[in-house]
$ cat run_31.cif   # mmCIF, C-alpha atoms (C1' of nucleotides)
data_protein
#
loop_
_atom_site.label_atom_id
_atom_site.label_comp_id
_atom_site.auth_asym_id
_atom_site.auth_seq_id
_atom_site.Cartn_x
_atom_site.Cartn_y
_atom_site.Cartn_z
CA MET A 207 117.03 133.80 98.93
CA ASP A 208 113.80 133.48 100.77
CA GLU A 209 114.37 130.00 102.07
CA GLU A 210 116.25 130.85 105.21
CA ASN A 211 114.98 134.29 105.91
CA ILE A 212 111.52 133.28 106.97
CA GLY A 213 111.03 133.73 110.67
CA LEU A 214 111.09 130.95 113.18
CA ARG A 215 107.35 131.26 113.60
CA GLU A 216 106.72 130.21 110.02
CA ARG A 217 109.44 127.58 110.14
CA LEU A 218 107.76 125.98 113.13
CA ILE A 219 104.41 125.85 111.39
CA GLY A 220 106.05 124.41 108.28
CA ALA A 221 107.88 121.76 110.27
CA GLY A 222 104.63 120.93 112.01
CA VAL A 223 102.77 120.50 108.75
CA GLU A 224 105.46 118.18 107.41
CA LEU A 225 105.61 116.18 110.60
CA LEU A 226 101.84 115.91 110.68
CA ALA A 227 101.72 114.58 107.13
CA ALA A 228 104.57 112.18 107.78
CA GLU A 229 103.76 110.81 111.21
CA GLY A 230 100.22 111.75 112.17
CA VAL A 231 98.65 113.78 114.93
CA GLN A 232 100.06 111.93 117.90
CA ALA A 233 103.59 112.63 116.69
CA LEU A 234 102.93 116.36 116.74
CA THR A 235 104.69 117.12 119.99
CA LEU A 236 106.11 120.50 120.77
CA ARG A 237 109.60 119.17 121.25
CA GLU A 238 109.68 117.19 118.04
CA ILE A 239 108.49 120.16 116.04
CA ALA A 240 111.22 122.26 117.61
CA ARG A 241 113.77 119.54 116.85
CA ARG A 242 112.73 119.47 113.19
CA ALA A 243 112.94 123.23 113.02
CA GLY A 244 116.45 123.01 114.45
CA VAL A 245 115.85 124.95 117.63
CA SER A 246 115.70 124.11 121.30
CA HIS A 247 112.50 122.94 122.90
CA GLY A 248 111.98 126.27 124.62
CA ALA A 249 112.15 128.36 121.49
CA PRO A 250 108.57 127.95 120.25
CA ARG A 251 107.31 129.47 123.46
CA ARG A 252 108.21 132.95 122.27
CA TYR A 253 105.75 132.69 119.39
CA PHE A 254 103.26 130.18 120.73
CA PRO A 255 102.77 130.50 124.49
CA THR A 256 101.26 127.06 124.58
CA HIS A 257 101.39 123.88 122.62
CA LEU A 258 97.77 124.23 121.60
CA GLU A 259 98.35 127.56 119.94
CA LEU A 260 101.01 126.05 117.74
CA LEU A 261 98.68 123.22 116.80
CA SER A 262 95.96 125.73 116.05
CA ALA A 263 98.26 127.61 113.72
CA ILE A 264 99.04 124.35 111.93
CA ALA A 265 95.35 123.52 111.65
CA ARG A 266 94.66 126.96 110.24
CA ARG A 267 97.00 126.06 107.40
CA GLY A 268 94.81 123.06 106.76
CA PHE A 269 91.63 125.09 106.65
CA ALA A 270 93.26 127.53 104.27
CA GLU A 271 94.47 124.73 102.01
CA LEU A 272 91.08 123.06 101.95
CA GLY A 273 89.42 126.39 101.28
CA ASP A 274 91.77 127.04 98.37
CA ARG A 275 91.15 123.65 96.83
CA VAL A 276 87.41 124.03 97.12
CA ALA A 277 87.49 127.54 95.71
CA ALA A 278 89.60 126.37 92.80
CA ALA A 279 87.39 123.39 92.05
CA VAL A 280 84.25 125.48 92.28
CA ALA A 281 85.65 128.21 90.05
CA ASP A 282 87.16 125.96 87.40
CA GLY A 283 84.30 123.56 86.92
CA PRO A 284 81.03 123.98 85.07
CA GLN A 285 78.46 126.47 86.20
CA ASP A 286 75.72 124.05 87.12
CA PRO A 287 75.49 124.33 90.91
CA ARG A 288 74.74 120.66 91.28
CA GLU A 289 77.95 119.73 89.51
CA ARG A 290 79.86 122.26 91.52
CA LEU A 291 78.56 120.70 94.68
CA THR A 292 79.70 117.35 93.40
CA ALA A 293 83.17 118.77 92.87
CA LEU A 294 83.12 120.34 96.33
CA GLY A 295 82.12 117.09 97.94
CA ARG A 296 84.76 115.21 96.06
CA ILE A 297 87.42 117.66 97.19
CA TYR A 298 86.26 117.37 100.78
CA LEU A 299 86.38 113.59 100.76
CA GLU A 300 89.64 113.55 98.85
CA PHE A 301 91.17 115.91 101.37
CA ALA A 302 90.10 113.72 104.26
CA ARG A 303 91.64 110.74 102.51
CA THR A 304 94.97 112.14 101.38
CA GLU A 305 95.65 114.67 104.16
CA ARG A 306 94.50 112.24 106.79
CA GLY A 307 96.49 113.67 109.68
CA MET A 308 95.62 117.25 108.87
CA PHE A 309 91.95 116.46 108.53
CA GLU A 310 92.00 114.74 111.89
CA LEU A 311 93.74 117.65 113.55
CA MET A 312 91.35 120.17 112.01
CA PHE A 313 88.42 118.65 113.84
CA ARG A 314 90.09 117.80 117.10
CA HIS A 315 88.51 120.61 119.03
CA ASP A 316 90.17 119.42 122.21
CA LEU A 317 93.53 120.33 120.72
CA LEU A 318 92.44 123.55 119.09
CA GLU A 319 91.67 126.62 121.12
CA SER A 320 88.38 126.67 119.27
CA ASN A 321 86.64 128.76 121.87
CA ARG A 322 88.98 131.59 121.20
CA LEU A 323 87.22 131.80 117.86
CA GLY A 324 89.50 132.76 114.98
CA LEU A 325 89.48 129.14 113.98
CA ARG A 326 85.79 128.61 113.62
CA LYS A 327 85.86 131.79 111.61
CA THR A 328 88.30 130.16 109.22
CA SER A 329 85.85 127.54 108.10
CA LEU A 330 82.91 129.90 107.81
CA PRO A 331 83.60 131.36 104.33
CA LEU A 332 83.88 127.83 103.07
CA PHE A 333 80.44 127.20 104.44
CA GLU A 334 79.04 130.26 102.76
CA VAL A 335 80.04 128.88 99.39
CA LEU A 336 78.11 125.78 100.31
CA VAL A 337 75.00 127.74 101.27
CA ASP A 338 75.09 129.63 98.02
CA LEU A 339 75.42 126.51 95.91
CA VAL A 340 72.75 124.64 97.83
CA SER A 341 70.24 127.45 97.56
CA ARG A 342 70.79 127.56 93.81
CA ALA A 343 70.79 123.82 93.27
CA ARG A 344 67.70 123.33 95.37
CA PRO A 345 65.53 126.42 95.17
CA ARG A 346 62.32 124.85 96.46
CA GLY A 347 63.38 123.67 99.90
CA GLY A 348 61.04 122.99 102.78
CA THR A 349 63.62 124.42 105.18
CA GLY A 350 65.84 127.42 104.87
CA PRO A 351 68.98 127.18 102.76
CA ALA A 352 71.25 127.52 105.79
CA VAL A 353 69.69 124.48 107.44
CA ALA A 354 69.77 122.53 104.19
CA ALA A 355 73.40 123.39 103.64
CA ALA A 356 74.26 122.50 107.21
CA ALA A 357 72.56 119.15 106.79
CA LEU A 358 74.53 118.45 103.63
CA TRP A 359 77.74 119.52 105.28
CA ALA A 360 77.05 117.22 108.20
CA ASN A 361 76.43 114.39 105.78
CA LEU A 362 79.64 115.09 103.93
CA HIS A 363 81.65 115.44 107.08
CA GLY A 364 80.25 112.31 108.64
CA THR A 365 81.05 110.40 105.49
CA ALA A 366 84.61 111.66 105.50
CA GLN A 367 85.06 110.85 109.16
CA LEU A 368 83.56 107.39 109.18
CA TRP A 369 85.17 106.54 105.89
CA SER A 370 88.65 107.47 107.01
CA TRP A 371 87.97 105.38 110.05
CA GLY A 372 87.05 102.39 107.92
CA SER A 373 83.59 101.93 109.35
CA LEU A 374 81.63 102.98 106.31
CA GLN A 375 83.36 100.56 103.97
CA LEU A 376 82.35 97.82 106.35
CA ALA A 377 78.81 99.11 106.75
CA ALA A 378 77.99 100.02 103.18
CA GLY A 379 79.80 96.99 101.83
CA THR A 380 81.69 98.94 99.20
CA GLU A 381 85.07 100.51 98.69
CA ASP A 382 83.70 103.20 96.41
CA VAL A 383 83.24 106.39 98.32
CA GLU A 384 81.74 108.02 95.25
CA LEU A 385 78.62 105.97 95.87
CA LEU A 386 78.17 107.64 99.21
CA LEU A 387 78.87 111.05 97.79
CA ARG A 388 76.15 110.52 95.18
CA ALA A 389 73.79 109.24 97.84
CA ALA A 390 74.36 112.35 99.94
CA LEU A 391 73.84 114.73 97.03
CA ASP A 392 70.78 112.87 95.76
CA ALA A 393 69.32 112.89 99.23
CA HIS A 394 69.81 116.55 99.97
CA LEU A 395 69.35 118.03 96.51
CA GLY A 396 66.82 115.65 95.07
CA THR A 397 67.41 112.86 92.61
CA VAL A 398 68.12 113.92 89.07
CA GLN A 399 65.46 112.46 86.84
CA PRO A 400 66.73 111.91 83.30
CA MET B 191 76.88 92.37 148.75
CA ASP B 192 78.05 92.73 145.22
CA GLU B 193 79.52 96.16 145.56
CA GLU B 194 82.99 95.28 146.70
CA ASN B 195 83.35 91.84 145.33
CA ILE B 196 83.61 92.83 141.72
CA GLY B 197 87.10 92.31 140.38
CA LEU B 198 89.60 95.05 139.85
CA ARG B 199 89.12 94.79 136.12
CA GLU B 200 85.52 95.89 136.37
CA ARG B 201 86.31 98.49 138.99
CA LEU B 202 88.85 100.07 136.67
CA ILE B 203 86.36 100.25 133.84
CA GLY B 204 83.75 101.72 136.17
CA ALA B 205 86.16 104.31 137.51
CA GLY B 206 87.10 105.17 133.95
CA VAL B 207 83.49 105.65 132.91
CA GLU B 208 82.87 107.96 135.84
CA LEU B 209 86.04 109.91 135.27
CA LEU B 210 85.22 110.24 131.60
CA ALA B 211 81.77 111.60 132.32
CA ALA B 212 83.11 113.97 134.95
CA GLU B 213 86.29 115.30 133.37
CA GLY B 214 86.38 114.40 129.70
CA VAL B 215 88.66 112.36 127.50
CA GLN B 216 91.91 114.13 128.19
CA ALA B 217 91.55 113.41 131.90
CA LEU B 218 91.37 109.71 131.22
CA THR B 219 94.94 108.88 132.15
CA LEU B 220 96.00 105.47 133.30
CA ARG B 221 97.31 106.75 136.60
CA GLU B 222 94.22 108.77 137.45
CA ILE B 223 91.95 105.84 136.74
CA ALA B 224 94.10 103.68 139.01
CA ARG B 225 93.97 106.39 141.68
CA ARG B 226 90.19 106.51 141.54
CA ALA B 227 90.02 102.75 141.75
CA GLY B 228 92.25 102.92 144.83
CA VAL B 229 95.18 100.96 143.46
CA SER B 230 98.72 101.75 142.45
CA HIS B 231 99.52 102.92 138.96
CA GLY B 232 101.02 99.59 138.03
CA ALA B 233 97.98 97.54 138.94
CA PRO B 234 95.92 98.01 135.76
CA ARG B 235 98.71 96.47 133.76
CA ARG B 236 97.73 93.01 134.90
CA TYR B 237 94.34 93.30 133.20
CA PHE B 238 95.10 95.82 130.49
CA PRO B 239 98.62 95.45 129.10
CA THR B 240 98.42 98.90 127.63
CA HIS B 241 96.60 102.11 128.26
CA LEU B 242 94.74 101.82 124.97
CA GLU B 243 93.21 98.51 125.90
CA LEU B 244 91.73 100.02 129.02
CA LEU B 245 90.32 102.89 127.02
CA SER B 246 88.90 100.41 124.53
CA ALA B 247 87.14 98.54 127.30
CA ILE B 248 85.64 101.81 128.50
CA ALA B 249 84.52 102.68 124.98
CA ARG B 250 82.93 99.28 124.62
CA ARG B 251 80.74 100.19 127.57
CA GLY B 252 79.65 103.24 125.64
CA PHE B 253 78.76 101.24 122.54
CA ALA B 254 76.79 98.81 124.67
CA GLU B 255 74.93 101.62 126.39
CA LEU B 256 74.10 103.34 123.13
CA GLY B 257 73.00 100.05 121.64
CA ASP B 258 70.72 99.41 124.60
CA ARG B 259 69.13 102.82 124.39
CA VAL B 260 68.53 102.48 120.68
CA ALA B 261 67.12 99.00 121.06
CA ALA B 262 64.78 100.18 123.80
CA ALA B 263 63.61 103.20 121.84
CA VAL B 264 63.05 101.15 118.72
CA ALA B 265 61.18 98.44 120.58
CA ASP B 266 58.98 100.68 122.68
CA GLY B 267 57.91 103.15 120.03
CA PRO B 268 55.32 102.77 117.30
CA GLN B 269 55.80 100.31 114.51
CA ASP B 270 56.09 102.76 111.66
CA PRO B 271 59.73 102.44 110.53
CA ARG B 272 59.96 106.12 109.77
CA GLU B 273 59.00 107.01 113.31
CA ARG B 274 61.37 104.43 114.66
CA LEU B 275 64.17 105.98 112.68
CA THR B 276 63.25 109.34 114.13
CA ALA B 277 63.52 107.86 117.61
CA LEU B 278 66.83 106.24 116.73
CA GLY B 279 68.22 109.50 115.43
CA ARG B 280 67.04 111.37 118.46
CA ILE B 281 68.72 108.86 120.75
CA TYR B 282 71.94 109.12 118.78
CA LEU B 283 72.02 112.89 118.95
CA GLU B 284 70.92 112.92 122.56
CA PHE B 285 73.68 110.50 123.43
CA ALA B 286 76.28 112.67 121.74
CA ARG B 287 75.00 115.66 123.68
CA THR B 288 74.66 114.21 127.17
CA GLU B 289 77.47 111.65 127.14
CA ARG B 290 79.80 114.05 125.43
CA GLY B 291 83.05 112.55 126.66
CA MET B 292 82.00 109.00 125.98
CA PHE B 293 80.83 109.85 122.50
CA GLU B 294 84.12 111.51 121.77
CA LEU B 295 86.10 108.55 123.04
CA MET B 296 84.01 106.09 121.06
CA PHE B 297 85.13 107.63 117.80
CA ARG B 298 88.69 108.42 118.67
CA HIS B 299 90.16 105.59 116.65
CA ASP B 300 93.67 106.72 117.53
CA LEU B 301 92.98 105.78 121.14
CA LEU B 302 91.08 102.60 120.43
CA GLU B 303 92.80 99.50 119.20
CA SER B 304 90.26 99.54 116.40
CA ASN B 305 92.34 97.44 114.08
CA ARG B 306 92.19 94.56 116.46
CA LEU B 307 88.51 94.47 115.54
CA GLY B 308 86.27 93.50 118.42
CA LEU B 309 85.35 97.11 118.71
CA ARG B 310 84.14 97.74 115.22
CA LYS B 311 82.16 94.55 115.71
CA THR B 312 80.43 96.17 118.66
CA SER B 313 78.80 98.86 116.57
CA LEU B 314 77.81 96.55 113.75
CA PRO B 315 74.57 95.11 115.22
CA LEU B 316 73.46 98.67 115.82
CA PHE B 317 74.02 99.33 112.17
CA GLU B 318 72.01 96.30 111.15
CA VAL B 319 68.99 97.72 112.92
CA LEU B 320 69.48 100.83 110.87
CA VAL B 321 69.66 98.90 107.61
CA ASP B 322 66.49 97.04 108.43
CA LEU B 323 64.55 100.18 109.27
CA VAL B 324 65.82 102.08 106.26
CA SER B 325 64.94 99.31 103.85
CA ARG B 326 61.42 99.24 105.27
CA ALA B 327 60.95 102.97 105.43
CA ARG B 328 62.26 103.50 101.95
CA PRO B 329 61.56 100.42 99.86
CA ARG B 330 62.07 102.04 96.46
CA GLY B 331 65.67 103.15 96.70
CA GLY B 332 67.93 103.85 93.76
CA THR B 333 70.85 102.37 95.65
CA GLY B 334 71.04 99.32 97.84
CA PRO B 335 69.71 99.54 101.40
CA ALA B 336 73.18 99.13 102.87
CA VAL B 337 74.47 102.18 101.04
CA ALA B 338 71.35 104.16 101.89
CA ALA B 339 71.65 103.24 105.55
CA ALA B 340 75.34 104.07 105.54
CA ALA B 341 74.58 107.47 104.04
CA LEU B 342 71.98 108.16 106.69
CA TRP B 343 74.31 107.04 109.43
CA ALA B 344 77.03 109.32 108.10
CA ASN B 345 74.57 112.17 108.10
CA LEU B 346 73.51 111.45 111.64
CA HIS B 347 77.04 111.04 112.85
CA GLY B 348 78.29 114.16 111.16
CA THR B 349 75.42 116.10 112.69
CA ALA B 350 76.25 114.79 116.14
CA GLN B 351 79.92 115.55 115.73
CA LEU B 352 79.64 119.04 114.31
CA TRP B 353 76.83 119.88 116.67
CA SER B 354 78.72 118.90 119.76
CA TRP B 355 81.55 120.96 118.39
CA GLY B 356 79.30 123.98 118.06
CA SER B 357 79.88 124.49 114.36
CA LEU B 358 76.45 123.50 113.15
CA GLN B 359 74.62 125.91 115.40
CA LEU B 360 76.73 128.65 113.90
CA ALA B 361 76.28 127.40 110.35
CA ALA B 362 72.59 126.55 110.39
CA GLY B 363 71.76 129.57 112.49
CA THR B 364 69.62 127.64 114.93
CA GLU B 365 69.89 126.01 118.32
CA ASP B 366 67.30 123.39 117.50
CA VAL B 367 69.02 120.17 116.54
CA GLU B 368 65.66 118.60 115.79
CA LEU B 369 65.56 120.69 112.64
CA LEU B 370 68.69 118.99 111.38
CA LEU B 371 67.42 115.58 112.36
CA ARG B 372 64.27 116.18 110.34
CA ALA B 373 66.32 117.47 107.43
CA ALA B 374 68.44 114.32 107.46
CA LEU B 375 65.46 111.99 107.61
CA ASP B 376 63.55 113.90 104.96
CA ALA B 377 66.56 113.85 102.73
CA HIS B 378 67.34 110.18 102.99
CA LEU B 379 63.86 108.75 103.34
CA GLY B 380 61.90 111.21 101.24
CA THR B 381 59.70 114.03 102.42
CA VAL B 382 56.40 113.04 103.94
CA GLN B 383 53.61 114.66 101.95
CA PRO B 384 50.50 115.17 104.06
"C1'" DG C 72 132.86 154.81 120.67
"C1'" DA C 73 131.32 152.77 124.93
"C1'" DA C 74 127.28 151.58 127.63
"C1'" DA C 75 122.85 150.24 128.27
"C1'" DG C 76 118.82 147.76 126.78
"C1'" DC C 77 116.43 144.31 124.69
"C1'" DG C 78 114.73 140.65 121.70
"C1'" DA C 79 115.63 135.76 120.58
"C1'" DG C 80 117.01 131.47 121.57
"C1'" DT C 81 119.43 128.12 125.13
"C1'" DA C 82 119.47 125.08 128.98
"C1'" DG C 83 118.00 123.06 133.00
"C1'" DA C 84 114.42 122.07 136.28
"C1'" DC C 85 109.83 120.27 137.46
"C1'" DA C 86 105.68 117.40 137.67
"C1'" DG C 87 103.08 114.20 135.19
"C1'" DC C 88 102.57 110.59 131.86
"C1'" DG C 89 102.88 105.30 130.02
"C1'" DT C 90 105.69 101.45 130.27
"C1'" DC C 91 108.91 98.10 132.27
"C1'" DT C 92 110.95 95.29 135.99
"C1'" DA C 93 111.96 93.63 140.43
"C1'" DC C 94 109.85 92.70 144.55
"C1'" DG C 95 106.47 91.20 148.50
"C1'" DG C 96 102.67 89.08 150.56
"C1'" DG C 97 98.53 86.11 150.88
"C1'" DC C 98 96.32 81.90 149.71
"C1'" DA C 99 95.74 77.88 147.63
"C1'" DT C 100 97.49 73.15 146.68
"C1'" DG C 101 100.89 69.50 147.35
"C1'" DC D 125 104.92 72.81 156.68
"C1'" DA D 126 106.57 74.10 152.26
"C1'" DT D 127 105.92 75.60 147.33
"C1'" DG D 128 104.18 77.97 143.82
"C1'" DC D 129 101.27 81.37 142.03
"C1'" DC D 130 98.18 85.30 141.61
"C1'" DC D 131 97.76 90.07 142.49
"C1'" DG D 132 99.18 94.27 143.58
"C1'" DT D 133 103.27 97.61 145.07
"C1'" DA D 134 107.16 100.57 144.23
"C1'" DG D 135 110.65 102.58 141.85
"C1'" DA D 136 113.08 103.51 137.61
"C1'" DC D 137 113.27 105.22 132.74
"C1'" DG D 138 112.48 108.26 128.94
"C1'" DC D 139 109.21 111.13 127.22
"C1'" DT D 140 106.03 115.17 127.43
"C1'" DG D 141 104.56 120.54 128.23
"C1'" DT D 142 105.56 124.37 131.00
"C1'" DC D 143 108.34 127.62 133.68
"C1'" DT D 144 112.47 130.34 134.73
"C1'" DA D 145 117.12 131.91 134.74
"C1'" DC D 146 120.67 132.79 131.62
"C1'" DT D 147 123.52 134.29 127.58
"C1'" DC D 148 124.62 136.08 123.29
"C1'" DG D 149 124.40 139.61 119.71
"C1'" DC D 150 122.47 143.61 117.79
"C1'" DT D 151 120.55 148.18 118.15
"C1'" DT D 152 119.84 152.40 120.33
"C1'" DT D 153 121.34 156.04 123.04
"C1'" DC D 154 124.30 159.13 125.44
#
$ encode --input "run_31.cif" --output "structure tokens"
Amino acid sequence: MDEENIGLRERLIGAGVELLAAEGVQALTLREIARRAGVSHGAPRRYFPTHLELLSAIARRGFAELGDRVAAAVADGPQDPRERLTALGRIYLEFARTERGMFELMFRHDLLESNRLGLRKTSLPLFEVLVDLVSRARPRGGTGPAVAAAALWANLHGTAQLWSWGSLQLAAGTEDVELLLRAALDAHLGTVQP
Amino acid sequence: MDEENIGLRERLIGAGVELLAAEGVQALTLREIARRAGVSHGAPRRYFPTHLELLSAIARRGFAELGDRVAAAVADGPQDPRERLTALGRIYLEFARTERGMFELMFRHDLLESNRLGLRKTSLPLFEVLVDLVSRARPRGGTGPAVAAAALWANLHGTAQLWSWGSLQLAAGTEDVELLLRAALDAHLGTVQP
DNA sequence: GAAAGCGAGTAGACAGCGTCTACGGGCATG
DNA sequence: CATGCCCGTAGACGCTGTCTACTCGCTTTC
């Protein structure tokens, strides 16, 4: 019914997402995506004037997916902002681990027409959730909540990046990423004293 | 005297470093490096069987340079470990800002034969300095010093990455990266109370 | 109802890329 | 003098992204 009627534009993005998950970023060539979508190599050009714009559209799917997962985890869980931040962090790290290729693509600014904006905008609402939670979990900050949230985000992102690269396991001497998540939250929100 | 007598292997690496600084990662093609070194496109193959091995050699130069700068900053500065960590962090962020292309290459594990080890090993001594300083600046940690140092490194690295991408400026609402460096150090080492 | 127009996808060309292979030319050692 | 042997050259191959000319089929218009 609605399987075949979706336009080529969407089919290309879908094929790209599948290929990305299956083979990784470097396999994400224009021609291979077109092949998987069952069209000639010139066809994508009508919808995506350049290769980078197609990749950007694929990455946007990733941002949307990550945003959805975070929103769901934040909404479903308990109300305590600290616990919600834990859930958010876990989702972020889990995403980097399971959707490895997508995560890599999402932060390859050399492949994404990131200057054109529209992409940076996509990750901003996700950040606003973070600011809100941080300001509630840590009301007495020395710096503003935006800076505190940015610092936590950087910590989270660095962890995801270095972890997926394998460096952090080697450095921290553990295979348990949860340890690093706790360390980040404790550091930026203050240790919970029982 | 020693300008022309260096072997082609070193000349290729040098040309690559220059090209990287001048034009960025995506300009770092095998053929262009060979062109800049004044040899045919097949010549590098004798010293670097594959393109990735040449890029890895170039990246190694970056790790060495960063290591040198950190070592110098740590040695020259005051003895207080907290201040030394501040200097280290500043060097790290400064490196990511000024040697943008090199920094990007250094953490592009898809381009670097990182599984072959030898490269991951290069950044390990740098990390040991970090562990030492962290354990001295923060003797009463809830977690082990390796995990604490890894968390701080992740924070630093994430800051560098997102900052050079432009996202953190947007998120934190500031152009002063020092603010985020202070936030990271305060978070992981404890706030200094005057 | 035929003609004109047009949107969508095809197909081939082009330059550039990394890799592979066959070749040449010094320069040492025998 | 001859024989290998490094070291670099040169061309081919298949792949890439981009550009351009084209064809086919449907809709709109007269």
$ resolve_selection --input "run_31.cif" --expression "the PyMOL selection byres ((chain A) within 9 of (chain D))" --output "MDAnalysis selection string"
chainID A and resid 235:237 256:257
$ closest_atom_pairs --input "run_31.cif" --of "chain A" --to "chain C" --cutoff "9 Å" --atoms "all atoms listed in the file" --output "JSON lines"
{"residue": "A:Val245", "atom": "CA", "partner": "C:DG80", "partner_atom": "C1'", "distance": 7.7}
{"residue": "A:Ser246", "atom": "CA", "partner": "C:DT81", "partner_atom": "C1'", "distance": 6.7}
{"residue": "A:His247", "atom": "CA", "partner": "C:DT81", "partner_atom": "C1'", "distance": 8.9}
{"residue": "A:Gly248", "atom": "CA", "partner": "C:DT81", "partner_atom": "C1'", "distance": 7.7}
{"residue": "A:Ala249", "atom": "CA", "partner": "C:DG80", "partner_atom": "C1'", "distance": 5.8}
{"residue": "A:Arg252", "atom": "CA", "partner": "C:DA79", "partner_atom": "C1'", "distance": 8.1}
$ resolve_selection --input "run_31.cif" --expression "the PyMOL selection byres ((chain B) within 9 of (chain A))" --output "PyMOL selection string"
chain B and resi 215-216+297+299-300+304+310+314+317-318+332-353+355+357-364+369-371+373-374+376-380
$ write_last_selection --input "run_31.cif" --atoms "C-alpha atoms" --output "compact mmCIF listing (two decimals), keeping the file's coordinate frame"
# COMPACT_ATOMS: atom_id res chain seq x y z
CA VAL B 215 88.66 112.36 127.50
CA GLN B 216 91.91 114.13 128.19
CA PHE B 297 85.13 107.63 117.80
CA HIS B 299 90.16 105.59 116.65
CA ASP B 300 93.67 106.72 117.53
CA SER B 304 90.26 99.54 116.40
CA ARG B 310 84.14 97.74 115.22
CA LEU B 314 77.81 96.55 113.75
CA PHE B 317 74.02 99.33 112.17
CA GLU B 318 72.01 96.30 111.15
CA GLY B 332 67.93 103.85 93.76
CA THR B 333 70.85 102.37 95.65
CA GLY B 334 71.04 99.32 97.84
CA PRO B 335 69.71 99.54 101.40
CA ALA B 336 73.18 99.13 102.87
CA VAL B 337 74.47 102.18 101.04
CA ALA B 338 71.35 104.16 101.89
CA ALA B 339 71.65 103.24 105.55
CA ALA B 340 75.34 104.07 105.54
CA ALA B 341 74.58 107.47 104.04
CA LEU B 342 71.98 108.16 106.69
CA TRP B 343 74.31 107.04 109.43
CA ALA B 344 77.03 109.32 108.10
CA ASN B 345 74.57 112.17 108.10
CA LEU B 346 73.51 111.45 111.64
CA HIS B 347 77.04 111.04 112.85
CA GLY B 348 78.29 114.16 111.16
CA THR B 349 75.42 116.10 112.69
CA ALA B 350 76.25 114.79 116.14
CA GLN B 351 79.92 115.55 115.73
CA LEU B 352 79.64 119.04 114.31
CA TRP B 353 76.83 119.88 116.67
CA TRP B 355 81.55 120.96 118.39
CA SER B 357 79.88 124.49 114.36
CA LEU B 358 76.45 123.50 113.15
CA GLN B 359 74.62 125.91 115.40
CA LEU B 360 76.73 128.65 113.90
CA ALA B 361 76.28 127.40 110.35
CA ALA B 362 72.59 126.55 110.39
CA GLY B 363 71.76 129.57 112.49
CA THR B 364 69.62 127.64 114.93
CA LEU B 369 65.56 120.69 112.64
CA LEU B 370 68.69 118.99 111.38
CA LEU B 371 67.42 115.58 112.36
CA ALA B 373 66.32 117.47 107.43
CA ALA B 374 68.44 114.32 107.46
CA ASP B 376 63.55 113.90 104.96
CA ALA B 377 66.56 113.85 102.73
CA HIS B 378 67.34 110.18 102.99
CA LEU B 379 63.86 108.75 103.34
CA GLY B 380 61.90 111.21 101.24
$ atom_distance --input "run_31.cif" --atom1 "CA of Met292 in chain B" --atom2 "CA of Val207 in chain B"
7.8 Å
$ atom_distance --input "run_31.cif" --atom1 "CA of Arg287 in chain B" --atom2 "CA of Ala263 in chain A"
28.0 Å
$ closest_residue --input "run_31.cif" --among "B:Ala249, B:Ile203, B:Ala227, B:Leu218" --to "Phe293 in chain B" --atoms "all atoms listed in the file"
B:Ala249
$ decode --input "run_31.cif" --residues "range 217-226 of chain A" --atoms "N, CA and C atoms" --output "PDB file, in the first residue's frame"
ATOM      1  N   ARG A 217      13.115   7.076  -0.460  1.00  0.00           N
ATOM      2  CA  ARG A 217      13.727   5.765  -0.669  1.00  0.00           C
ATOM      3  C   ARG A 217      15.245   5.866  -0.607  1.00  0.00           C
ATOM      4  N   LEU A 218      15.768   6.949  -1.143  1.00  0.00           N
ATOM      5  CA  LEU A 218      17.221   7.137  -1.108  1.00  0.00           C
ATOM      6  C   LEU A 218      17.711   7.279   0.324  1.00  0.00           C
ATOM      7  N   ILE A 219      17.005   8.081   1.090  1.00  0.00           N
ATOM      8  CA  ILE A 219      17.405   8.268   2.485  1.00  0.00           C
ATOM      9  C   ILE A 219      17.342   6.933   3.230  1.00  0.00           C
ATOM     10  N   GLY A 220      16.231   6.198   2.985  1.00  0.00           N
ATOM     11  CA  GLY A 220      16.090   4.908   3.651  1.00  0.00           C
ATOM     12  C   GLY A 220      17.204   3.949   3.285  1.00  0.00           C
ATOM     13  N   ALA A 221      17.511   3.878   1.995  1.00  0.00           N
ATOM     14  CA  ALA A 221      18.592   3.003   1.546  1.00  0.00           C
ATOM     15  C   ALA A 221      19.911   3.425   2.175  1.00  0.00           C
ATOM     16  N   GLY A 222      20.099   4.732   2.293  1.00  0.00           N
ATOM     17  CA  GLY A 222      21.319   5.240   2.911  1.00  0.00           C
ATOM     18  C   GLY A 222      21.417   4.840   4.372  1.00  0.00           C
ATOM     19  N   VAL A 223      20.324   4.945   5.086  1.00  0.00           N
ATOM     20  CA  VAL A 223      20.328   4.577   6.500  1.00  0.00           C
ATOM     21  C   VAL A 223      20.677   3.098   6.659  1.00  0.00           C
ATOM     22  N   GLU A 224      20.063   2.274   5.838  1.00  0.00           N
ATOM     23  CA  GLU A 224      20.354   0.828   5.913  1.00  0.00           C
ATOM     24  C   GLU A 224      21.814   0.544   5.590  1.00  0.00           C
ATOM     25  N   LEU A 225      22.263   1.140   4.496  1.00  0.00           N
ATOM     26  CA  LEU A 225      23.652   0.918   4.097  1.00  0.00           C
ATOM     27  C   LEU A 225      24.613   1.392   5.176  1.00  0.00           C
ATOM     28  N   LEU A 226      24.303   2.517   5.766  1.00  0.00           N
ATOM     29  CA  LEU A 226      25.153   3.064   6.824  1.00  0.00           C
ATOM     30  C   LEU A 226      25.236   2.099   8.004  1.00  0.00           C
TER      31      LEU A 226
END
